Structures are given as structure tokens and as C-alpha cells.
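Step one of this worksheet: look at the structure below.
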Amino acid sequence: MTAVDALGPGTPGELPPLVDQHCHGVLRHEPDPGTFAAFLSQAERPPAEGTSFFDTQAGFAVRRWCPPLLDLPAHCPPGDYLARRRELGPAETRRRLLSAAGIGTYLVDTGLPGDLTGPAETAQAGGGTGFEVVRLESLAERIAGAASGTEEFLEDLGRAVLEAARTAVGFKSVAAYRHGLALDPRPPGHDDVRAAAGAWLAAGASRLSDPVLLRHLIWLAVATGRPLQIHTGFGDPDLRLDQADPALLTGLIRATADTGTDLVLLHCYPYHRQAAYLAGVFPHVYADVGLALTHVGPRAQAVLAEFLELAPFGKLLFSTDAHGLPELYLVGSALFRTALGSVLGAWTESGAWSAQDARRVGAMVAAENAQRVYGLPEPGDR
């Protein structure tokens, strides 16, 4: 058996059940065609006239991998696929797709709005186990809505982060969306935090974008010792891509080096080589291959190979960043398995790697690295 056979989608049992270390809930209701297609893109507006989000790498990947699980031929027209989806209903569609993804553990960011499944419900549909990742900015906004003043807000926020750390496996910051990653890496002083919080609350405490408060949240999370996920790289138009380069976090990475808290750089693309470098030179930094693979489709092999150029193999983590559609879980898993099998298979066949090392590294990236970073129980212990 070659490494391609061992790691490819045809024999998923050769990999352990995947740990999806960053994902979101799935819609409980059946989306209309426009809503469904919108989840295939990072755009916030409808596609240009005469075009479709199905005509993207993500759209083609959904049509490649998902129809057979709904009793349709691969690459069937989008209309046929959506009609069959409506026949089955959201619960059955979710069950079929998630149970086929080979994911055993779901680390679900619960900070997005909408009627989405939570960690337990998402994992149950796939026959796995779910854990929560707490989004810091959403937590602060929720607390601000109930606070009667600045001091109460800051006290409640500090307490809420500590309480979340008791049950959540990690935290997440979307500072890239709110300000950009070129933040002062130092913890802000109490007077600065109090002034920023007072101004934000007085303005209505809606969307948190103040850089002082973003830094305060990051350092509150760091103090808990739980892993901190940080969005880097591409996303929806709410961010400026040049301000989401993970290299901008170098100061913060240095400042947190001796805290005992791991930083997980999410997504990273097109700055995945910078993220791989940071993971290579800083022991507490990890890089996530999620989201990018789904959106580059058959180019996933090239992108994954570039992640593996500089990052130590114990520092890369699988995820799907699936959101809204169970299809994105299946596609993320399938493209990861295919890319991993192709890359490691080629390196094995060339003699650069042994088949044993290829299988070992595949298992590390698929599950074992995340189990170690987040302190997850072994599958048999759950």
C-alpha cells in the first residue's frame, strides 16, 4: 500500500478520526438557493449579474463530493442538488454529510449569529464529540449589553473569561476584522482600558473595534492558559487583507512566548508561508490549514505542500472552518485527505520520506497535534 492509498479518501480508516480544530455551527433550517450559494464564497453581497457562486472552486468541490451522499451523481447541476436537499430536509442532509466526513471531534466557535447548531448538536449529527471555542469579541459585546457601567463591565468581563476557560477548550480573537493585526503587543494599562471601555459603552457598545479593548481581551485570554486562536489571512470583505498578515503578530508572539499559552494562527492563506515560518521559530505558535483548502479546490495539494515547507510537522492542525452548510465539513475533510495523500504519497515515492513517516505525520496533522494542543481526551476516554 502506497502513502497515497494509506492517506487518501478511499481508505479513511488509515487516518484517525479527524479533529476539526476550528469550525462553526450548521443551519438548522433549509436555506433558499441564494443563501446556500452565498456560503460558497467569502463575499457579503450577491454575485455579479450573470455569475454564480457555484462557479467557484468551493462550488465545484461541493458538486464533486456531496451529491453521491444524497443519491445523486457527482457533478450534477446545482438545481438538481438543491432539490434533492429539500426532499431530504436539513436534519437528514446534515446527518448524511457529517457522518461521512470522518470527523471525530469538533471544536466549534460559538460566536457567530444565526440559528446554528451548537457543539453538541453539530457533533451528534456526525457521530462525534463537540467542544466550545469562545469568541472573545462576541463575549465582550454580550456582557456590555447587560452592564450598567464601566467598572461593572470590566469586572464582569474578567470573570466571564475565567468562567469560560473552565469549560471551553480555547478562545478566538477576530481582531483582524475589527482593527487589523498590527496591534501594540503589550498588555494595556488599567487606566487605558477603563477609558476605552467607558468611551465604547457611552457610544452604545455595539461592534467592538477599539484596539485597546482588543488587546485587553487577548491578554485576558492568554492569562487563562487556554489556546488562543487568531484569525489571519483571507476572510470576508470586513477585513483588509494586508492587515491580516500573520507576520504582523510577531511582536505579540514574542510578548507571549513565556506565558504558557499556545497561539493558533487560523487560515493564514495567502500568507500561509509566513504562518509556517512563525510556527517553525516560535515553540508556542501553531498554524491551521483550514478554510484555504476548501476555497482552492484541486489546488489544495499545492497549498498544503507550501504549509509543510517550513512548519514543523507537529505544529500544523487540520480544520474545515465550515459554517452554515454541512457540505463544507465534507468538502474540507475530503480535500484535506486528498491533498495529504497526494503530497505525502509523492514524497514517499520519490524516496524523500518513508511510508511509515508519511502515515505518522498524516495522523499528527489530522488529529494528534490538536489533541495535544487543546488537551483533548483520547477518543476511548470520552
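Residues in the C-alpha cells are named by chain (A, B, ... in the order shown) and by number from 1 within that chain; ligands are numbered from 1 in the order shown.
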
Exercise for review: Identify, on the basis of only C-alpha atoms, every residue whose closest approach to Leu376 (chain A) does not exceed 9 Å; exclude the query and any residue fewer than 5 positions from it along the same chain; express the result as a ChimeraX atom specification.
Suggested key: /A:169,370-371

Exercise for review: Identify, with DSSP run on backbone atoms, the residues in region 50-138 of chain A assigned to strand (DSSP E), and express the list as a PyMOL selection string.
Suggested key: chain A and resi 103-109+129-135

Would you output that residue set with all heavy atoms, as a JSON list (two decimals), in the first residue's frame?
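So result_29.json came out as:
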```json
[["chain", "number", "residue", "atom", "x", "y", "z"],
["A", 103, "ILE", "N", -14.92, 13.00, 10.70],
["A", 103, "ILE", "CA", -14.51, 13.89, 11.79],
["A", 103, "ILE", "C", -15.01, 13.31, 13.11],
["A", 103, "ILE", "O", -16.20, 13.01, 13.25],
["A", 103, "ILE", "CB", -15.07, 15.31, 11.59],
["A", 103, "ILE", "CG1", -14.52, 15.90, 10.29],
["A", 103, "ILE", "CG2", -14.73, 16.20, 12.77],
["A", 103, "ILE", "CD1", -15.19, 17.21, 9.88],
["A", 104, "GLY", "N", -14.11, 13.14, 14.06],
["A", 104, "GLY", "CA", -14.49, 12.60, 15.36],
["A", 104, "GLY", "C", -14.67, 13.65, 16.42],
["A", 104, "GLY", "O", -15.38, 13.43, 17.41],
["A", 105, "THR", "N", -14.04, 14.82, 16.24],
["A", 105, "THR", "CA", -14.07, 15.87, 17.25],
["A", 105, "THR", "C", -14.25, 17.22, 16.57],
["A", 105, "THR", "O", -13.55, 17.52, 15.59],
["A", 105, "THR", "CB", -12.77, 15.89, 18.07],
["A", 105, "THR", "OG1", -12.54, 14.59, 18.61],
["A", 105, "THR", "CG2", -12.87, 16.89, 19.22],
["A", 106, "TYR", "N", -15.18, 18.00, 17.10],
["A", 106, "TYR", "CA", -15.50, 19.31, 16.55],
["A", 106, "TYR", "C", -15.23, 20.38, 17.61],
["A", 106, "TYR", "O", -15.84, 20.36, 18.68],
["A", 106, "TYR", "CB", -16.97, 19.38, 16.16],
["A", 106, "TYR", "CG", -17.43, 18.37, 15.13],
["A", 106, "TYR", "CD1", -17.62, 17.03, 15.48],
["A", 106, "TYR", "CD2", -17.71, 18.75, 13.83],
["A", 106, "TYR", "CE1", -18.07, 16.10, 14.55],
["A", 106, "TYR", "CE2", -18.15, 17.83, 12.88],
["A", 106, "TYR", "CZ", -18.32, 16.51, 13.24],
["A", 106, "TYR", "OH", -18.76, 15.59, 12.32],
["A", 107, "LEU", "N", -14.34, 21.33, 17.30],
["A", 107, "LEU", "CA", -14.11, 22.47, 18.18],
["A", 107, "LEU", "C", -14.85, 23.65, 17.55],
["A", 107, "LEU", "O", -14.38, 24.24, 16.57],
["A", 107, "LEU", "CB", -12.62, 22.76, 18.34],
["A", 107, "LEU", "CG", -11.74, 21.58, 18.77],
["A", 107, "LEU", "CD1", -10.33, 22.08, 19.15],
["A", 107, "LEU", "CD2", -12.36, 20.79, 19.91],
["A", 108, "VAL", "N", -15.99, 23.99, 18.12],
["A", 108, "VAL", "CA", -16.94, 24.89, 17.48],
["A", 108, "VAL", "C", -16.85, 26.29, 18.07],
["A", 108, "VAL", "O", -17.05, 26.50, 19.28],
["A", 108, "VAL", "CB", -18.38, 24.35, 17.62],
["A", 108, "VAL", "CG1", -19.37, 25.29, 16.94],
["A", 108, "VAL", "CG2", -18.48, 22.95, 17.02],
["A", 109, "ASP", "N", -16.54, 27.26, 17.21],
["A", 109, "ASP", "CA", -16.60, 28.68, 17.57],
["A", 109, "ASP", "C", -18.07, 29.07, 17.64],
["A", 109, "ASP", "O", -18.78, 29.05, 16.64],
["A", 109, "ASP", "CB", -15.85, 29.49, 16.50],
["A", 109, "ASP", "CG", -16.07, 30.99, 16.61],
["A", 109, "ASP", "OD1", -16.69, 31.46, 17.59],
["A", 109, "ASP", "OD2", -15.61, 31.71, 15.70],
["A", 129, "THR", "N", -17.76, 14.09, 18.94],
["A", 129, "THR", "CA", -17.82, 14.83, 20.20],
["A", 129, "THR", "C", -17.54, 16.29, 19.92],
["A", 129, "THR", "O", -16.66, 16.62, 19.12],
["A", 129, "THR", "CB", -16.76, 14.29, 21.19],
["A", 129, "THR", "OG1", -16.96, 12.89, 21.36],
["A", 129, "THR", "CG2", -16.88, 14.98, 22.54],
["A", 130, "GLY", "N", -18.27, 17.19, 20.58],
["A", 130, "GLY", "CA", -18.11, 18.62, 20.35],
["A", 130, "GLY", "C", -17.61, 19.35, 21.57],
["A", 130, "GLY", "O", -17.94, 19.00, 22.70],
["A", 131, "PHE", "N", -16.80, 20.38, 21.33],
["A", 131, "PHE", "CA", -16.29, 21.25, 22.38],
["A", 131, "PHE", "C", -16.43, 22.70, 21.91],
["A", 131, "PHE", "O", -16.45, 22.98, 20.70],
["A", 131, "PHE", "CB", -14.82, 20.97, 22.68],
["A", 131, "PHE", "CG", -14.56, 19.58, 23.19],
["A", 131, "PHE", "CD1", -14.25, 18.54, 22.31],
["A", 131, "PHE", "CD2", -14.64, 19.29, 24.55],
["A", 131, "PHE", "CE1", -14.01, 17.26, 22.78],
["A", 131, "PHE", "CE2", -14.40, 18.01, 25.03],
["A", 131, "PHE", "CZ", -14.08, 16.99, 24.14],
["A", 132, "GLU", "N", -16.50, 23.62, 22.86],
["A", 132, "GLU", "CA", -16.70, 25.02, 22.53],
["A", 132, "GLU", "C", -15.39, 25.79, 22.48],
["A", 132, "GLU", "O", -14.50, 25.60, 23.31],
["A", 132, "GLU", "CB", -17.62, 25.70, 23.55],
["A", 132, "GLU", "CG", -17.93, 27.16, 23.22],
["A", 132, "GLU", "CD", -18.83, 27.83, 24.24],
["A", 132, "GLU", "OE1", -18.90, 27.35, 25.38],
["A", 132, "GLU", "OE2", -19.47, 28.85, 23.88],
["A", 133, "VAL", "N", -15.29, 26.69, 21.50],
["A", 133, "VAL", "CA", -14.26, 27.73, 21.45],
["A", 133, "VAL", "C", -15.00, 29.06, 21.59],
["A", 133, "VAL", "O", -15.94, 29.33, 20.83],
["A", 133, "VAL", "CB", -13.46, 27.68, 20.14],
["A", 133, "VAL", "CG1", -12.53, 28.88, 20.02],
["A", 133, "VAL", "CG2", -12.68, 26.37, 20.04],
["A", 134, "VAL", "N", -14.58, 29.89, 22.54],
["A", 134, "VAL", "CA", -15.28, 31.13, 22.85],
["A", 134, "VAL", "C", -14.66, 32.29, 22.08],
["A", 134, "VAL", "O", -13.46, 32.54, 22.19],
["A", 134, "VAL", "CB", -15.26, 31.42, 24.36],
["A", 134, "VAL", "CG1", -15.82, 32.80, 24.66],
["A", 134, "VAL", "CG2", -16.06, 30.35, 25.10],
["A", 135, "ARG", "N", -15.49, 33.00, 21.33],
["A", 135, "ARG", "CA", -15.03, 34.17, 20.58],
["A", 135, "ARG", "C", -15.03, 35.37, 21.52],
["A", 135, "ARG", "O", -16.06, 35.77, 22.07],
["A", 135, "ARG", "CB", -15.93, 34.42, 19.39],
["A", 135, "ARG", "CG", -15.46, 35.57, 18.52],
["A", 135, "ARG", "CD", -16.36, 35.81, 17.33],
["A", 135, "ARG", "NE", -16.32, 34.71, 16.37],
["A", 135, "ARG", "CZ", -16.45, 34.89, 15.04],
["A", 135, "ARG", "NH1", -16.60, 36.10, 14.55],
["A", 135, "ARG", "NH2", -16.44, 33.85, 14.25]]
```

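Every protein or nucleic acid residue with an atom no more than 12 Å from Pro68 (chain A), counting only C-alpha atoms and leaving out same-chain residues fewer than 2 positions away, appears here: A:Val62, A:Arg63, A:Arg64, A:Trp65, A:Cys66, A:Leu70, A:Asp71, A:Leu72, A:Pro73, A:Ala74, A:His75, A:Cys76, A:Tyr81, A:Arg84, A:Arg85, A:Thr93, A:Arg96, A:Leu97, A:Ala100, A:Glu327, A:Leu330.
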
Point to revise | Shell of 9 Å around His29 (chain A), only C-alpha atoms, local chain residues under 5 positions omitted, as a VMD selection string | key: chain A and resid 89 to 91 115 to 116

Practice item. Find the residue from A:Phe313, A:Leu228, A:Asp184, A:Thr150 that sits nearest to Ala165 (chain A); use only C-alpha atoms when measuring. Key: A:Leu228

Practice item. Please provide the set of residues having any atom within 9 Å of Asp156 (chain A), restricted to only C-alpha atoms, with same-chain residues fewer than 3 positions apart removed, written as JSON, numbers by chain. Key: {"A": [143, 144, 147, 151, 152, 153, 159, 160, 161]}

All residues 12 Å or closer to region 50-61 of chain A, only C-alpha atoms, same chain fewer than 5 positions away omitted, as a compact mmCIF listing (two decimals) with N, CA and C atoms, in the first residue's frame:
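Below you can see part_12.txt, which holds the result:
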```txt
# COMPACT_ATOMS: atom_id res chain seq x y z
N PRO A 33 -31.97 28.92 -2.30
CA PRO A 33 -30.81 28.76 -3.19
C PRO A 33 -29.79 29.89 -3.08
N GLY A 34 -30.25 31.12 -2.95
CA GLY A 34 -29.31 32.23 -2.84
C GLY A 34 -28.51 32.18 -1.56
N THR A 35 -29.16 31.84 -0.46
CA THR A 35 -28.46 31.74 0.82
C THR A 35 -27.44 30.60 0.78
N PHE A 36 -27.86 29.46 0.22
CA PHE A 36 -26.93 28.33 0.10
C PHE A 36 -25.69 28.75 -0.67
N ALA A 37 -25.87 29.35 -1.84
CA ALA A 37 -24.74 29.71 -2.69
C ALA A 37 -23.84 30.74 -2.01
N ALA A 38 -24.41 31.61 -1.19
CA ALA A 38 -23.61 32.64 -0.52
C ALA A 38 -22.58 32.02 0.40
N PHE A 39 -22.87 30.85 0.97
CA PHE A 39 -21.92 30.18 1.86
C PHE A 39 -20.72 29.60 1.09
N LEU A 40 -20.77 29.61 -0.22
CA LEU A 40 -19.66 29.11 -1.02
C LEU A 40 -18.62 30.19 -1.30
N SER A 41 -18.85 31.37 -0.80
CA SER A 41 -17.96 32.49 -1.06
C SER A 41 -17.75 33.27 0.22
N GLN A 42 -16.68 34.07 0.26
CA GLN A 42 -16.45 34.99 1.36
C GLN A 42 -17.09 36.35 1.11
N ALA A 43 -17.75 36.51 -0.03
CA ALA A 43 -18.39 37.78 -0.37
C ALA A 43 -19.59 38.03 0.54
N GLU A 44 -19.90 39.29 0.76
CA GLU A 44 -21.04 39.67 1.58
C GLU A 44 -22.24 40.09 0.75
N ARG A 45 -22.04 40.27 -0.55
CA ARG A 45 -23.11 40.70 -1.44
C ARG A 45 -23.39 39.63 -2.49
N CYS A 66 -20.37 15.95 -2.67
CA CYS A 66 -21.59 15.80 -1.88
C CYS A 66 -22.74 15.06 -2.56
N PRO A 67 -23.00 15.24 -3.84
CA PRO A 67 -24.17 14.58 -4.43
C PRO A 67 -24.26 13.08 -4.22
N ALA A 74 -22.10 12.53 -8.98
CA ALA A 74 -21.17 13.63 -8.78
C ALA A 74 -21.27 14.61 -9.93
N HIS A 75 -21.08 15.88 -9.62
CA HIS A 75 -21.09 16.97 -10.60
C HIS A 75 -22.47 17.24 -11.17
N CYS A 76 -23.52 16.79 -10.51
CA CYS A 76 -24.86 17.07 -11.00
C CYS A 76 -25.12 18.58 -10.96
N PRO A 77 -26.08 19.08 -11.73
CA PRO A 77 -26.36 20.52 -11.73
C PRO A 77 -26.79 21.01 -10.35
N PRO A 78 -26.45 22.26 -10.03
CA PRO A 78 -26.83 22.79 -8.72
C PRO A 78 -28.33 22.69 -8.43
N GLY A 79 -29.17 22.92 -9.44
CA GLY A 79 -30.61 22.86 -9.21
C GLY A 79 -31.06 21.48 -8.77
N TYR A 81 -29.20 19.25 -7.26
CA TYR A 81 -28.68 19.01 -5.92
C TYR A 81 -29.54 19.69 -4.87
N LEU A 82 -29.89 20.95 -5.08
CA LEU A 82 -30.68 21.68 -4.09
C LEU A 82 -32.08 21.10 -3.96
N LEU A 291 -10.00 26.30 5.93
CA LEU A 291 -10.62 27.30 5.07
C LEU A 291 -9.93 27.39 3.73
N ALA A 292 -8.61 27.56 3.72
CA ALA A 292 -7.89 27.71 2.46
C ALA A 292 -8.12 26.51 1.54
N LEU A 293 -8.01 25.29 2.07
CA LEU A 293 -8.11 24.12 1.22
C LEU A 293 -9.47 24.04 0.53
N THR A 294 -10.53 24.40 1.25
CA THR A 294 -11.87 24.37 0.66
C THR A 294 -11.98 25.33 -0.51
N HIS A 295 -11.37 26.48 -0.38
CA HIS A 295 -11.56 27.52 -1.39
C HIS A 295 -10.58 27.45 -2.54
N VAL A 296 -9.57 26.61 -2.45
CA VAL A 296 -8.66 26.45 -3.60
C VAL A 296 -8.91 25.15 -4.36
N GLY A 297 -9.81 24.31 -3.86
CA GLY A 297 -10.22 23.12 -4.58
C GLY A 297 -9.07 22.20 -4.94
N PRO A 298 -8.91 21.82 -6.21
CA PRO A 298 -7.85 20.89 -6.58
C PRO A 298 -6.44 21.46 -6.41
N ARG A 299 -6.32 22.74 -6.13
CA ARG A 299 -5.02 23.32 -5.80
C ARG A 299 -4.66 23.10 -4.33
N ALA A 300 -5.51 22.42 -3.60
CA ALA A 300 -5.24 22.17 -2.19
C ALA A 300 -3.92 21.45 -1.99
N ALA A 322 -15.83 25.14 8.53
CA ALA A 322 -17.17 25.02 7.97
C ALA A 322 -18.14 25.91 8.74
N LEU A 325 -23.27 25.34 6.25
CA LEU A 325 -23.59 24.20 5.41
C LEU A 325 -22.82 22.96 5.86
N GLU A 327 -22.21 20.63 3.98
CA GLU A 327 -21.37 20.35 2.81
C GLU A 327 -19.94 20.81 3.03
N LEU A 328 -19.75 21.91 3.72
CA LEU A 328 -18.41 22.46 3.89
C LEU A 328 -17.57 21.60 4.83
N TYR A 329 -18.20 20.89 5.74
CA TYR A 329 -17.46 19.91 6.55
C TYR A 329 -16.95 18.77 5.67
N LEU A 330 -17.84 18.26 4.83
CA LEU A 330 -17.45 17.13 3.98
C LEU A 330 -16.37 17.54 2.98
N VAL A 331 -16.56 18.69 2.35
CA VAL A 331 -15.59 19.16 1.36
C VAL A 331 -14.23 19.43 2.01
N GLY A 332 -14.24 20.09 3.17
CA GLY A 332 -12.99 20.37 3.86
C GLY A 332 -12.24 19.11 4.21
N SER A 333 -12.97 18.10 4.68
CA SER A 333 -12.35 16.82 5.02
C SER A 333 -11.83 16.11 3.78
N ALA A 334 -12.64 16.07 2.74
CA ALA A 334 -12.25 15.34 1.53
C ALA A 334 -11.04 15.97 0.86
N LEU A 335 -11.03 17.29 0.75
CA LEU A 335 -9.89 17.95 0.11
C LEU A 335 -8.63 17.81 0.94
N PHE A 336 -8.77 17.84 2.26
CA PHE A 336 -7.60 17.62 3.12
C PHE A 336 -7.04 16.22 2.91
N THR A 338 -7.42 14.19 0.37
CA THR A 338 -6.89 14.04 -0.98
C THR A 338 -5.53 14.73 -1.11
```

Practice item. Apply DSSP to the backbone of this structure and, from region 206-284 of chain A, keep only the residues in helix (DSSP H, G or I); write these as a ChimeraX atom specification. Key: /A:211-224,241-243,246-255,272-281

For the residues selected in the previous step, produce a file with N, CA, C and O atoms as a compact mmCIF listing (two decimals), in the first residue's frame.
```
# COMPACT_ATOMS: atom_id res chain seq x y z
N PRO A 211 -8.78 49.27 19.63
CA PRO A 211 -7.56 48.45 19.74
C PRO A 211 -7.13 48.19 21.18
O PRO A 211 -6.55 47.14 21.46
N VAL A 212 -7.41 49.11 22.08
CA VAL A 212 -7.06 48.89 23.49
C VAL A 212 -7.88 47.74 24.06
O VAL A 212 -7.35 46.85 24.74
N LEU A 213 -9.18 47.74 23.76
CA LEU A 213 -10.03 46.66 24.29
C LEU A 213 -9.73 45.33 23.60
O LEU A 213 -9.81 44.28 24.24
N LEU A 214 -9.38 45.36 22.33
CA LEU A 214 -8.99 44.12 21.67
C LEU A 214 -7.75 43.53 22.31
O LEU A 214 -7.66 42.31 22.53
N ARG A 215 -6.77 44.36 22.60
CA ARG A 215 -5.57 43.89 23.29
C ARG A 215 -5.90 43.37 24.69
O ARG A 215 -5.36 42.35 25.14
N HIS A 216 -6.78 44.08 25.37
CA HIS A 216 -7.18 43.65 26.72
C HIS A 216 -7.80 42.26 26.67
O HIS A 216 -7.48 41.38 27.50
N LEU A 217 -8.67 42.02 25.70
CA LEU A 217 -9.29 40.70 25.56
C LEU A 217 -8.25 39.63 25.30
O LEU A 217 -8.29 38.54 25.88
N ILE A 218 -7.32 39.92 24.40
CA ILE A 218 -6.28 38.94 24.08
C ILE A 218 -5.49 38.58 25.32
O ILE A 218 -5.23 37.39 25.60
N TRP A 219 -5.12 39.56 26.11
CA TRP A 219 -4.31 39.27 27.30
C TRP A 219 -5.11 38.62 28.42
O TRP A 219 -4.57 37.81 29.18
N LEU A 220 -6.41 38.92 28.51
CA LEU A 220 -7.25 38.17 29.44
C LEU A 220 -7.26 36.69 29.07
O LEU A 220 -7.17 35.81 29.94
N ALA A 221 -7.38 36.41 27.77
CA ALA A 221 -7.40 35.01 27.33
C ALA A 221 -6.05 34.35 27.55
O ALA A 221 -5.97 33.20 28.00
N VAL A 222 -4.97 35.05 27.24
CA VAL A 222 -3.63 34.49 27.43
C VAL A 222 -3.41 34.10 28.88
O VAL A 222 -2.79 33.07 29.19
N ALA A 223 -3.94 34.91 29.80
CA ALA A 223 -3.73 34.65 31.22
C ALA A 223 -4.39 33.36 31.68
O ALA A 223 -4.00 32.80 32.72
N THR A 224 -5.38 32.85 30.93
CA THR A 224 -6.04 31.61 31.35
C THR A 224 -5.23 30.37 31.03
O THR A 224 -5.47 29.30 31.58
N LEU A 241 -7.12 42.73 3.80
CA LEU A 241 -6.25 41.57 3.72
C LEU A 241 -4.82 41.90 4.12
O LEU A 241 -4.15 41.09 4.78
N ASP A 242 -4.34 43.09 3.76
CA ASP A 242 -2.95 43.43 4.10
C ASP A 242 -2.75 43.61 5.59
O ASP A 242 -1.62 43.55 6.09
N GLN A 243 -3.85 43.81 6.33
CA GLN A 243 -3.77 43.94 7.78
C GLN A 243 -4.02 42.61 8.50
O GLN A 243 -4.11 42.57 9.73
N PRO A 246 -0.21 37.27 9.16
CA PRO A 246 0.22 36.82 10.49
C PRO A 246 1.58 37.35 10.90
O PRO A 246 1.89 37.40 12.10
N ALA A 247 2.42 37.77 9.95
CA ALA A 247 3.71 38.34 10.32
C ALA A 247 3.54 39.59 11.18
O ALA A 247 4.45 39.94 11.96
N LEU A 248 2.39 40.27 11.07
CA LEU A 248 2.13 41.45 11.89
C LEU A 248 1.99 41.10 13.37
O LEU A 248 2.05 42.00 14.22
N LEU A 249 1.82 39.83 13.67
CA LEU A 249 1.68 39.38 15.06
C LEU A 249 3.01 39.08 15.72
O LEU A 249 3.04 38.63 16.87
N THR A 250 4.11 39.31 15.05
CA THR A 250 5.42 38.91 15.58
C THR A 250 5.68 39.51 16.95
O THR A 250 6.19 38.84 17.85
N GLY A 251 5.34 40.78 17.14
CA GLY A 251 5.53 41.40 18.44
C GLY A 251 4.73 40.71 19.53
O GLY A 251 5.23 40.44 20.63
N LEU A 252 3.45 40.43 19.26
CA LEU A 252 2.61 39.73 20.24
C LEU A 252 3.14 38.32 20.49
O LEU A 252 3.14 37.85 21.63
N ILE A 253 3.59 37.66 19.46
CA ILE A 253 4.14 36.31 19.62
C ILE A 253 5.34 36.35 20.56
O ILE A 253 5.47 35.50 21.46
N ARG A 254 6.22 37.30 20.36
CA ARG A 254 7.37 37.41 21.25
C ARG A 254 6.94 37.73 22.69
O ARG A 254 7.48 37.19 23.65
N ALA A 255 5.95 38.60 22.82
CA ALA A 255 5.50 39.01 24.15
C ALA A 255 4.83 37.88 24.91
O ALA A 255 4.82 37.87 26.15
N HIS A 272 0.25 31.83 4.14
CA HIS A 272 0.49 30.58 4.85
C HIS A 272 1.97 30.28 5.01
O HIS A 272 2.36 29.60 5.96
N ARG A 273 2.80 30.79 4.12
CA ARG A 273 4.24 30.58 4.29
C ARG A 273 4.76 31.41 5.47
O ARG A 273 5.64 30.94 6.20
N GLN A 274 4.23 32.61 5.67
CA GLN A 274 4.61 33.38 6.86
C GLN A 274 4.17 32.64 8.13
O GLN A 274 4.93 32.58 9.11
N ALA A 275 2.97 32.11 8.11
CA ALA A 275 2.47 31.38 9.29
C ALA A 275 3.32 30.14 9.55
O ALA A 275 3.64 29.82 10.72
N ALA A 276 3.71 29.44 8.49
CA ALA A 276 4.56 28.26 8.66
C ALA A 276 5.90 28.64 9.26
O ALA A 276 6.44 27.93 10.13
N TYR A 277 6.45 29.76 8.83
CA TYR A 277 7.71 30.24 9.40
C TYR A 277 7.55 30.55 10.89
O TYR A 277 8.37 30.13 11.71
N LEU A 278 6.49 31.27 11.24
CA LEU A 278 6.28 31.62 12.65
C LEU A 278 6.12 30.37 13.51
O LEU A 278 6.64 30.29 14.63
N ALA A 279 5.40 29.37 12.98
CA ALA A 279 5.26 28.11 13.71
C ALA A 279 6.59 27.39 13.84
O ALA A 279 6.81 26.64 14.80
N GLY A 280 7.48 27.63 12.89
CA GLY A 280 8.77 26.96 12.93
C GLY A 280 9.76 27.56 13.91
O GLY A 280 10.62 26.84 14.43
N VAL A 281 9.65 28.85 14.17
CA VAL A 281 10.66 29.51 15.01
C VAL A 281 10.16 29.85 16.41
O VAL A 281 10.97 30.19 17.28
```
